[in-house]
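Taking it in order: structure first as structure tokens, then the write-up.
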Amino acid sequence: IPPILISVIGLILAGWLFDTVQSWPVYTNVPELYILVPVLLNLKGNLEMNLASRLSTLANLGELNSISAQYTLIWGNLAVLQVQSLVVGAIAGIFSFIEGIIFNPNHMTSYYESMSIIVVSMMCAALSSMILGAFMCILIILSQRFRINPDNIACPMASSLGDLFTLIVLSLCSEFLFNFISSWVSTVMFLILAASVPLWASIVWTNKSVRHLLTNAWTPLFVAMVISSIAGLVLENYIDRYHGLAVLTPVLNGVIGNLGSIYASRISTRLHCGTEEDYYRSELTLFLINIPIEIFILIIAWWFDIGHMKLTWSFSITYFFVSVLCAAFTLIFAKKLTLWLWYHNYDPDNYSLPYITSVVDVVGNGLLVLSYWGLAKLIPGGHKIKKKKNRVKNKISSLT
């Protein structure tokens, strides 16, 4: 429970931060960032949780016992993380920009704005991956030294700290580049970042322990990007209507995603070790852990007035029911998916987590919005709606 509680604090801070920065000029004038946030958080979380899951399995198999093995595997995995972060960051930026144009055709855009979004995504992905990746490696080695199962610690820490740190870097980089949005600064930075990809790839290629990762496990990342973009569209369309949605979205999705990731990582380790997992006990334990955590989240949100939410009893009960439903679905889905991947010769350490977290994002966002809408229809005052802003009008006004 302690690692998950620590991760909850990180997720609450991430939700509070997102609720704060959404009023910054860059978010107001570049609405594609709302689509980019869940896409990038999902992709970044997947990269770091895949790293955590791989290293946790290696630690449990005893392959990180020597200093030389630690150096080879950790340095190789960090180089892989940089290649994946830069490539995925660029594609996430392009994807978010195109999706913003398709679903918001009235939004005025330009070459400079599109390049800024791509560069922000790449910078954020690369910088946060290097720092968080190094932190995860140290955490797993320390867990091994103190005989703590890293499967129970690494994934929730990677998820919560990843969301918080990525949001900080994304917001700061976006605000910085927004000051140069009509210049060639973004183009120059893009060329520098793109040129670094072959350098990192060459480092990976010379490391036989991780060379196979250059060609494997890309498909789930991109499929997860498409799935999580649906969550981004939901967020963009409803974030200005409902108080607290910006706070509750990363918290709910993060906590439930952590439970699914822990379960999938444990199953994967057991499969690699050739031992049997007690599925019923693990599912029941993780499901019950979610209950006090969600109550703790509601108390913290009410006590500190995070997101300026009007926490009525009707909304609190509805949110609790949504979280329980999401937890049950995620645990069942995580087990079925991990076992299916293993039996079809796919390594769950590289394939399961992207699908789990992206599906959780869509289900969590959809159920949250549905709960807001249902309370508005059934119980007057069951939640609080704030007037939707016209971001397109703000954008046009800023240009005239």
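Letters for chains follow the order of the structure tokens (A, B, ...), residue numbers begin at 1 for each chain, and ligand numbers begin at 1 in the order shown.
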Contacts of Leu61 (chain A) within 10 Å, only C-alpha atoms, excl. fewer than 2 positions in-chain, as number ranges by chain: A: 55-59, 63-65, 269-270, 272-273
Non-local contacts of region 360-367 of chain A (10 Å; only C-alpha atoms; under 3 positions in same chain excluded) as a PyMOL selection string: chain A and resi 38-39+42+224+227-235+238+245+248-257+260+318-319+322-323+325-327+329-330+333+354-357+370-373
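Those residues that approach Pro156 (chain A) to within 8 Å, counting only C-alpha atoms, are Pro3, Ile4, Ser7, Asn258, Leu259, Ser261 and Ile262 of chain A; same-chain residues fewer than 5 positions away are not listed.
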Picked from region 128-273 of chain A by DSSP as helix (DSSP H, G or I), as a PyMOL selection string: chain A and resi 128-145+150-152+154-178+185-205+211-214+218-238+245-273
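Of note, CA of Phe165 (chain A) and CA of Ser23 (chain A) are spaced 18.8 Å apart.
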Contacts of Leu78 (chain A) within 10 Å, only C-alpha atoms, excl. fewer than 4 positions in-chain, as a ChimeraX atom specification: /A:48,51,73-74,82-84,129-134,137,200,204,210
Keeping only C-alpha atoms, take the residues you just selected and write them out as a PDB file, in the first residue's frame.
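Below is the file that was written, result03.pdb:
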```pdb
ATOM      1  CA  GLU A  48       8.868   4.123 -18.182  1.00  0.00           C
ATOM      2  CA  LEU A  51      11.390  -0.144 -18.438  1.00  0.00           C
ATOM      3  CA  LEU A  73      21.564  -3.552 -18.943  1.00  0.00           C
ATOM      4  CA  ILE A  74      20.760  -0.210 -17.335  1.00  0.00           C
ATOM      5  CA  GLN A  82      15.809   7.899 -25.412  1.00  0.00           C
ATOM      6  CA  VAL A  83      15.254   6.459 -28.894  1.00  0.00           C
ATOM      7  CA  GLN A  84      11.682   5.537 -28.063  1.00  0.00           C
ATOM      8  CA  SER A 129      12.644   9.970 -19.757  1.00  0.00           C
ATOM      9  CA  MET A 130      16.309  10.484 -18.985  1.00  0.00           C
ATOM     10  CA  ILE A 131      15.688  11.743 -15.443  1.00  0.00           C
ATOM     11  CA  LEU A 132      12.850   9.384 -14.539  1.00  0.00           C
ATOM     12  CA  GLY A 133      14.518   6.426 -16.240  1.00  0.00           C
ATOM     13  CA  ALA A 134      17.647   6.898 -14.140  1.00  0.00           C
ATOM     14  CA  CYS A 137      16.903   2.102 -12.337  1.00  0.00           C
ATOM     15  CA  TRP A 200      21.215   6.940 -29.362  1.00  0.00           C
ATOM     16  CA  VAL A 204      21.652   0.577 -28.442  1.00  0.00           C
ATOM     17  CA  VAL A 210      19.007  -4.639 -25.627  1.00  0.00           C
TER      18      VAL A 210
END
```
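When only C-alpha atoms are used to measure the gap to Tyr111 (chain A), the shortest distance among A:Asn152, A:Ser183, A:Ser196, A:Ser143 belongs to A:Ser183.
If only C-alpha atoms are the atoms counted, then among A:Thr187, A:Ser53, A:Ser352, A:Ser66 the closest residue to Tyr112 (chain A) is A:Thr187.
Shortest atom-to-atom contact with Gly45 (chain A) among A:Leu221, A:Leu286, A:Met189, A:Ile141: A:Leu221, counting only C-alpha atoms.
With only C-alpha atoms as the atoms that count, the residue of A:Leu139, A:Ile289, A:Leu375, A:Met115 with the shortest distance to Leu191 (chain A) is A:Met115.
Using only C-alpha atoms for every distance, the candidate list A:Ala92, A:Val119, A:Ile239, A:Ala79 yields A:Ala92 as the residue closest to Val223 (chain A).
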Selection near Ala246 (chain A), 10 Å with only C-alpha atoms, sequence-local residues under 5 positions removed, as number ranges by chain: A: 14-20, 22, 235, 238-240, 251, 307
Only N, CA and C atoms, please: the residues just picked out, written as a short mmCIF file (atom, residue, chain, number, x, y, z; two decimals), in the first residue's frame.
```cif
data_model
loop_
_atom_site.label_atom_id
_atom_site.label_comp_id
_atom_site.auth_asym_id
_atom_site.auth_seq_id
_atom_site.Cartn_x
_atom_site.Cartn_y
_atom_site.Cartn_z
N ALA A 14 -0.32 16.08 -9.75
CA ALA A 14 -0.39 16.20 -11.21
C ALA A 14 -1.75 16.77 -11.62
N GLY A 15 -2.82 16.28 -10.99
CA GLY A 15 -4.15 16.80 -11.29
C GLY A 15 -4.29 18.26 -10.91
N TRP A 16 -3.77 18.62 -9.73
CA TRP A 16 -3.80 20.03 -9.31
C TRP A 16 -3.00 20.90 -10.27
N LEU A 17 -1.84 20.41 -10.70
CA LEU A 17 -1.01 21.17 -11.64
C LEU A 17 -1.72 21.38 -12.96
N PHE A 18 -2.36 20.32 -13.47
CA PHE A 18 -3.07 20.44 -14.75
C PHE A 18 -4.23 21.41 -14.63
N ASP A 19 -4.92 21.39 -13.50
CA ASP A 19 -6.02 22.32 -13.28
C ASP A 19 -5.52 23.76 -13.23
N THR A 20 -4.28 23.95 -12.77
CA THR A 20 -3.69 25.29 -12.66
C THR A 20 -3.20 25.80 -14.01
N GLN A 22 -4.00 24.98 -17.02
CA GLN A 22 -4.93 25.08 -18.15
C GLN A 22 -5.38 26.52 -18.40
N LEU A 235 -11.34 14.87 -23.13
CA LEU A 235 -10.83 15.89 -22.21
C LEU A 235 -10.97 17.28 -22.81
N TYR A 238 -14.71 18.53 -22.82
CA TYR A 238 -15.47 18.67 -21.57
C TYR A 238 -14.72 19.32 -20.43
N ILE A 239 -13.43 19.58 -20.60
CA ILE A 239 -12.64 20.08 -19.48
C ILE A 239 -13.09 21.46 -19.02
N ASP A 240 -13.62 22.28 -19.94
CA ASP A 240 -14.07 23.62 -19.57
C ASP A 240 -15.50 23.63 -19.04
N VAL A 251 -5.89 11.49 -11.71
CA VAL A 251 -5.88 10.73 -10.46
C VAL A 251 -6.57 9.38 -10.64
N GLY A 307 -9.08 21.96 -7.28
CA GLY A 307 -9.89 22.08 -8.48
C GLY A 307 -11.18 22.84 -8.29
#
```
